[in-house]
file structure-v2.pdb (PDB, C-alpha atoms)
ATOM      1  CA  MET A   1      51.263   5.130  -1.834  1.00  0.00           C
ATOM      2  CA  LYS A   2      50.565   2.902   1.148  1.00  0.00           C
ATOM      3  CA  LYS A   3      48.808   5.814   2.904  1.00  0.00           C
ATOM      4  CA  TYR A   4      46.478   6.265  -0.070  1.00  0.00           C
ATOM      5  CA  LEU A   5      45.580   2.592  -0.207  1.00  0.00           C
ATOM      6  CA  ILE A   6      44.825   2.499   3.524  1.00  0.00           C
ATOM      7  CA  SER A   7      42.718   5.663   3.222  1.00  0.00           C
ATOM      8  CA  LEU A   8      40.816   4.216   0.283  1.00  0.00           C
ATOM      9  CA  ALA A   9      40.213   0.967   2.189  1.00  0.00           C
ATOM     10  CA  LEU A  10      38.848   2.898   5.193  1.00  0.00           C
ATOM     11  CA  ILE A  11      36.529   4.949   2.996  1.00  0.00           C
ATOM     12  CA  LEU A  12      35.210   1.821   1.277  1.00  0.00           C
ATOM     13  CA  CYS A  13      34.638   0.110   4.638  1.00  0.00           C
ATOM     14  CA  SER A  14      32.677   3.084   5.942  1.00  0.00           C
ATOM     15  CA  LEU A  15      30.540   3.157   2.771  1.00  0.00           C
ATOM     16  CA  VAL A  16      29.765  -0.539   3.131  1.00  0.00           C
ATOM     17  CA  SER A  17      28.872   0.011   6.803  1.00  0.00           C
ATOM     18  CA  PHE A  18      26.588   2.919   5.863  1.00  0.00           C
ATOM     19  CA  GLY A  19      24.859   0.790   3.208  1.00  0.00           C
ATOM     20  CA  GLN A  20      24.267  -2.013   5.691  1.00  0.00           C
ATOM     21  CA  LYS A  21      22.813   0.350   8.292  1.00  0.00           C
ATOM     22  CA  SER A  22      20.520   2.115   5.854  1.00  0.00           C
ATOM     23  CA  SER A  23      19.194  -1.104   4.326  1.00  0.00           C
ATOM     24  CA  LYS A  24      18.495  -2.708   7.713  1.00  0.00           C
ATOM     25  CA  VAL A  25      14.854  -1.650   7.271  1.00  0.00           C
ATOM     26  CA  VAL A  26      14.474  -3.618   4.016  1.00  0.00           C
ATOM     27  CA  GLY A  27      12.334  -6.721   4.408  1.00  0.00           C
ATOM     28  CA  THR A  28       8.850  -7.909   5.291  1.00  0.00           C
ATOM     29  CA  TRP A  29       7.118  -6.547   8.377  1.00  0.00           C
ATOM     30  CA  LEU A  30       4.004  -7.668  10.254  1.00  0.00           C
ATOM     31  CA  THR A  31       2.020  -4.613  11.352  1.00  0.00           C
ATOM     32  CA  GLN A  32       1.101  -3.896  14.964  1.00  0.00           C
ATOM     33  CA  ASP A  33      -2.370  -5.469  14.664  1.00  0.00           C
ATOM     34  CA  GLY A  34      -1.013  -8.569  12.895  1.00  0.00           C
ATOM     35  CA  ASP A  35      -3.520  -8.109  10.076  1.00  0.00           C
ATOM     36  CA  SER A  36      -1.156  -7.164   7.259  1.00  0.00           C
ATOM     37  CA  LYS A  37       2.415  -7.517   6.045  1.00  0.00           C
ATOM     38  CA  ILE A  38       4.378  -4.692   4.485  1.00  0.00           C
ATOM     39  CA  SER A  39       7.357  -5.206   2.187  1.00  0.00           C
ATOM     40  CA  ILE A  40       9.898  -2.392   2.496  1.00  0.00           C
ATOM     41  CA  THR A  41      12.291  -1.946  -0.416  1.00  0.00           C
ATOM     42  CA  GLN A  42      14.885   0.584  -1.507  1.00  0.00           C
ATOM     43  CA  ASP A  43      14.409   2.131  -4.941  1.00  0.00           C
ATOM     44  CA  GLU A  44      16.988   3.244  -7.500  1.00  0.00           C
ATOM     45  CA  ASN A  45      17.051   6.737  -5.934  1.00  0.00           C
ATOM     46  CA  GLY A  46      18.018   5.314  -2.553  1.00  0.00           C
ATOM     47  CA  THR A  47      14.663   6.049  -0.916  1.00  0.00           C
ATOM     48  CA  PHE A  48      12.650   3.458   0.970  1.00  0.00           C
ATOM     49  CA  ASN A  49       9.028   2.554   0.247  1.00  0.00           C
ATOM     50  CA  GLY A  50       6.622  -0.083   1.481  1.00  0.00           C
ATOM     51  CA  GLU A  51       3.584  -1.852   0.099  1.00  0.00           C
ATOM     52  CA  VAL A  52       0.989  -4.272   1.411  1.00  0.00           C
ATOM     53  CA  ILE A  53       1.846  -7.820   0.329  1.00  0.00           C
ATOM     54  CA  TRP A  54      -0.491  -9.822   2.596  1.00  0.00           C
ATOM     55  CA  LEU A  55      -3.775  -9.283   4.410  1.00  0.00           C
ATOM     56  CA  GLU A  56      -5.185 -11.539   7.094  1.00  0.00           C
ATOM     57  CA  ASN A  57      -8.644 -10.834   5.679  1.00  0.00           C
ATOM     58  CA  PRO A  58      -8.146  -9.873   2.014  1.00  0.00           C
ATOM     59  CA  SER A  59     -11.859 -10.019   1.130  1.00  0.00           C
ATOM     60  CA  GLU A  60     -15.001  -8.162   2.097  1.00  0.00           C
ATOM     61  CA  ASP A  61     -18.011 -10.132   3.394  1.00  0.00           C
ATOM     62  CA  ASP A  62     -19.345 -10.420  -0.166  1.00  0.00           C
ATOM     63  CA  GLY A  63     -16.090 -12.042  -1.364  1.00  0.00           C
ATOM     64  CA  THR A  64     -14.732  -9.040  -3.271  1.00  0.00           C
ATOM     65  CA  GLU A  65     -11.196  -7.824  -2.635  1.00  0.00           C
ATOM     66  CA  LYS A  66     -10.768  -5.109  -0.028  1.00  0.00           C
ATOM     67  CA  LEU A  67     -10.519  -1.704  -1.630  1.00  0.00           C
ATOM     68  CA  ASP A  68      -9.180   1.662  -0.496  1.00  0.00           C
ATOM     69  CA  LYS A  69     -12.764   2.750   0.251  1.00  0.00           C
ATOM     70  CA  ASN A  70     -11.823   5.364   2.889  1.00  0.00           C
ATOM     71  CA  ASN A  71      -9.568   7.345   0.563  1.00  0.00           C
ATOM     72  CA  PRO A  72     -10.631  11.014   0.448  1.00  0.00           C
ATOM     73  CA  ASP A  73     -10.051  10.985  -3.325  1.00  0.00           C
ATOM     74  CA  GLU A  74     -13.075   9.243  -4.852  1.00  0.00           C
ATOM     75  CA  GLU A  75     -11.056   8.171  -7.900  1.00  0.00           C
ATOM     76  CA  LEU A  76      -8.648   6.203  -5.655  1.00  0.00           C
ATOM     77  CA  ARG A  77     -11.332   4.301  -3.756  1.00  0.00           C
ATOM     78  CA  GLN A  78     -11.227   1.467  -6.294  1.00  0.00           C
ATOM     79  CA  ARG A  79      -7.568   0.642  -5.577  1.00  0.00           C
ATOM     80  CA  LYS A  80      -6.990  -2.756  -4.012  1.00  0.00           C
ATOM     81  CA  ILE A  81      -5.467  -2.723  -0.528  1.00  0.00           C
ATOM     82  CA  LYS A  82      -3.217  -5.650  -1.407  1.00  0.00           C
ATOM     83  CA  GLY A  83      -0.407  -4.116  -3.441  1.00  0.00           C
ATOM     84  CA  LEU A  84      -1.097  -0.611  -2.122  1.00  0.00           C
ATOM     85  CA  ARG A  85       1.972   1.484  -1.351  1.00  0.00           C
ATOM     86  CA  LEU A  86       1.695   2.774   2.229  1.00  0.00           C
ATOM     87  CA  LEU A  87       5.235   4.032   2.897  1.00  0.00           C
ATOM     88  CA  ASN A  88       6.687   6.657   0.590  1.00  0.00           C
ATOM     89  CA  ASN A  89      10.044   8.350   0.064  1.00  0.00           C
ATOM     90  CA  PHE A  90      11.911   7.634   3.298  1.00  0.00           C
ATOM     91  CA  GLU A  91      15.551   8.712   3.468  1.00  0.00           C
ATOM     92  CA  TYR A  92      18.114   7.276   5.843  1.00  0.00           C
ATOM     93  CA  ASN A  93      19.487   9.793   8.335  1.00  0.00           C
ATOM     94  CA  GLU A  94      22.842   8.353   9.393  1.00  0.00           C
ATOM     95  CA  GLY A  95      23.330  10.767  12.313  1.00  0.00           C
ATOM     96  CA  ASP A  96      20.055   9.797  13.986  1.00  0.00           C
ATOM     97  CA  GLU A  97      19.969   6.254  12.556  1.00  0.00           C
ATOM     98  CA  GLU A  98      16.381   6.855  11.419  1.00  0.00           C
ATOM     99  CA  TRP A  99      14.434   6.748   8.185  1.00  0.00           C
ATOM    100  CA  THR A 100      12.891  10.212   7.844  1.00  0.00           C
ATOM    101  CA  ASN A 101      11.090  12.629   5.518  1.00  0.00           C
ATOM    102  CA  GLY A 102       8.603   9.981   4.460  1.00  0.00           C
ATOM    103  CA  THR A 103       4.858   9.554   4.650  1.00  0.00           C
ATOM    104  CA  ILE A 104       2.605   6.724   5.717  1.00  0.00           C
ATOM    105  CA  TYR A 105      -0.894   6.172   4.390  1.00  0.00           C
ATOM    106  CA  ASP A 106      -3.498   4.569   6.661  1.00  0.00           C
ATOM    107  CA  PRO A 107      -6.171   2.871   4.525  1.00  0.00           C
ATOM    108  CA  LYS A 108      -8.354   2.325   7.618  1.00  0.00           C
ATOM    109  CA  SER A 109      -8.822   6.090   7.996  1.00  0.00           C
ATOM    110  CA  GLY A 110      -7.865   7.325   4.530  1.00  0.00           C
ATOM    111  CA  ASN A 111      -5.304   9.702   6.055  1.00  0.00           C
ATOM    112  CA  THR A 112      -1.683  10.288   5.120  1.00  0.00           C
ATOM    113  CA  TYR A 113       0.778  11.288   7.834  1.00  0.00           C
ATOM    114  CA  LYS A 114       4.377  12.435   8.013  1.00  0.00           C
ATOM    115  CA  CYS A 115       6.382   9.541   9.369  1.00  0.00           C
ATOM    116  CA  TYR A 116       9.748   8.321  10.547  1.00  0.00           C
ATOM    117  CA  MET A 117      11.060   4.881  11.520  1.00  0.00           C
ATOM    118  CA  TRP A 118      13.855   3.572  13.726  1.00  0.00           C
ATOM    119  CA  PHE A 119      15.086   0.608  15.746  1.00  0.00           C
ATOM    120  CA  ASP A 120      15.340   0.592  19.549  1.00  0.00           C
ATOM    121  CA  GLY A 121      18.173  -1.916  19.635  1.00  0.00           C
ATOM    122  CA  ASN A 122      16.190  -4.903  18.351  1.00  0.00           C
ATOM    123  CA  PRO A 123      16.687  -5.273  14.557  1.00  0.00           C
ATOM    124  CA  ASN A 124      13.457  -7.314  14.345  1.00  0.00           C
ATOM    125  CA  LYS A 125      11.212  -4.608  15.865  1.00  0.00           C
ATOM    126  CA  LEU A 126      10.720  -1.550  13.685  1.00  0.00           C
ATOM    127  CA  GLN A 127       9.339   1.522  15.435  1.00  0.00           C
ATOM    128  CA  VAL A 128       7.031   3.513  13.141  1.00  0.00           C
ATOM    129  CA  LYS A 129       5.656   6.917  14.115  1.00  0.00           C
ATOM    130  CA  GLY A 130       3.094   8.809  12.079  1.00  0.00           C
ATOM    131  CA  TYR A 131       2.269  12.389  12.972  1.00  0.00           C
ATOM    132  CA  ILE A 132       0.664  15.630  11.860  1.00  0.00           C
ATOM    133  CA  GLY A 133       2.716  18.783  12.295  1.00  0.00           C
ATOM    134  CA  PHE A 134       5.206  18.031  15.059  1.00  0.00           C
ATOM    135  CA  SER A 135       6.724  14.609  15.641  1.00  0.00           C
ATOM    136  CA  LEU A 136       6.135  14.932  19.402  1.00  0.00           C
ATOM    137  CA  ILE A 137       2.436  14.462  18.744  1.00  0.00           C
ATOM    138  CA  GLY A 138       1.542  11.306  16.886  1.00  0.00           C
ATOM    139  CA  LYS A 139       1.096   7.576  17.123  1.00  0.00           C
ATOM    140  CA  LYS A 140       3.964   5.128  17.507  1.00  0.00           C
ATOM    141  CA  VAL A 141       3.568   1.448  16.675  1.00  0.00           C
ATOM    142  CA  SER A 142       5.968  -1.498  16.475  1.00  0.00           C
ATOM    143  CA  TRP A 143       6.194  -3.769  13.465  1.00  0.00           C
ATOM    144  CA  THR A 144       7.793  -7.211  13.688  1.00  0.00           C
ATOM    145  CA  ARG A 145      10.171  -8.544  11.045  1.00  0.00           C
ATOM    146  CA  VAL A 146       8.819 -11.596   9.231  1.00  0.00           C
ATOM    147  CA  ILE A 147      11.529 -14.226   8.968  1.00  0.00           C
ATOM    148  CA  GLU A 148      10.731 -16.584   6.124  1.00  0.00           C
ATOM    149  CA  GLY A 149      12.139 -20.023   6.335  1.00  0.00           C
TER     150      GLY A 149
END
call {"tool": "encode", "arguments": {"input": "structure-v2.pdb", "output": "structure tokens"}}
result
Amino acid sequence: MKKYLISLALILCSLVSFGQKSSKVVGTWLTQDGDSKISITQDENGTFNGEVIWLENPSEDDGTEKLDKNNPDEELRQRKIKGLRLLNNFEYNEGDEEWTNGTIYDPKSGNTYKCYMWFDGNPNKLQVKGYIGFSLIGKKVSWTRVIEG
């Protein structure tokens, strides 16, 4: 009986550890240019998504809110940038300690890219790489965790 209880305790500890590692990406992130903040959350399916919650310049010159005007789909060009979901459907890969199989939308270009994210040791610097085709070719940027307080 003691063996079973110890085994159960070890399994529960490893599950808690896995949950902490996978959710390390959850939070608010300042993008590489410092002009927007992205809130990354985990949904009920366990996937991670991110949306724009702050813009340094939320308005156009005429005072109207910035819209997704570069979207290739004309019907989506009226969406507001603030509140727009940029990161979609990331899964945590425990072996590589990365968030993979997701996409990132760039409203500046209107393009959507395959994407993965990881930490290089610093839990307050998120590495984000968008790419087309192969992950060797693409653009890597660093986002900085926003610590509210």
call {"tool": "closest_residue", "arguments": {"input": "structure-v2.pdb", "among": "A:Gln127, A:Ser36, A:Ser142, A:Thr100", "to": "Cys115 in chain A", "atoms": "all atoms listed in the file"}}
result
A:Thr100
call {"tool": "residues_around", "arguments": {"input": "structure-v2.pdb", "residues": "Trp29 in chain A", "least_positions_apart": "5", "cutoff": "9 Å", "atoms": "all atoms listed in the file", "output": "PyMOL selection string"}}
result
chain A and resi 36-40+124-126+143-147
call {"tool": "residues_around", "arguments": {"input": "structure-v2.pdb", "residues": "Asn49 in chain A", "least_positions_apart": "3", "cutoff": "9 Å", "atoms": "only C-alpha atoms", "output": "compact mmCIF listing (two decimals) with C-alpha atoms, keeping the file's coordinate frame"}}
result
# COMPACT_ATOMS: atom_id res chain seq x y z
CA SER A 39 7.36 -5.21 2.19
CA ILE A 40 9.90 -2.39 2.50
CA THR A 41 12.29 -1.95 -0.42
CA GLN A 42 14.88 0.58 -1.51
CA ASP A 43 14.41 2.13 -4.94
CA ARG A 85 1.97 1.48 -1.35
CA LEU A 86 1.70 2.77 2.23
CA LEU A 87 5.24 4.03 2.90
CA ASN A 88 6.69 6.66 0.59
CA ASN A 89 10.04 8.35 0.06
CA PHE A 90 11.91 7.63 3.30
CA GLY A 102 8.60 9.98 4.46
call {"tool": "residues_around", "arguments": {"input": "structure-v2.pdb", "residues": "Leu84 in chain A", "least_positions_apart": "3", "cutoff": "8 Å", "atoms": "all atoms listed in the file", "output": "PyMOL selection string"}}
result
chain A and resi 51-52+79-81
call {"tool": "closest_residue", "arguments": {"input": "structure-v2.pdb", "among": "A:Gly130, A:Glu94, A:Gln78, A:Tyr116", "to": "Thr64 in chain A", "atoms": "all atoms listed in the file"}}
result
A:Gln78
call {"tool": "resolve_selection", "arguments": {"input": "structure-v2.pdb", "expression": "the PyMOL selection byres ((chain A and resi 111) around 12)", "output": "ChimeraX atom specification"}}
result
/A:68-73,86,103-110,112-114,130-132
call {"tool": "atom_distance", "arguments": {"input": "structure-v2.pdb", "atom1": "CA of Trp118 in chain A", "atom2": "CA of Asp96 in chain A"}}
result
8.8 Å
call {"tool": "closest_residue", "arguments": {"input": "structure-v2.pdb", "among": "A:Leu67, A:Gly34, A:Lys21, A:Asn57", "to": "Glu97 in chain A", "atoms": "only C-alpha atoms"}}
result
A:Lys21
call {"tool": "atom_distance", "arguments": {"input": "structure-v2.pdb", "atom1": "CA of Tyr92 in chain A", "atom2": "CA of Lys24 in chain A"}}
result
10.2 Å
call {"tool": "atom_distance", "arguments": {"input": "structure-v2.pdb", "atom1": "CA of Asn45 in chain A", "atom2": "CA of Lys129 in chain A"}}
result
23.1 Å
call {"tool": "closest_residue", "arguments": {"input": "structure-v2.pdb", "among": "A:Lys82, A:Glu44, A:Leu30, A:Trp54", "to": "Lys66 in chain A", "atoms": "only C-alpha atoms"}}
result
A:Lys82
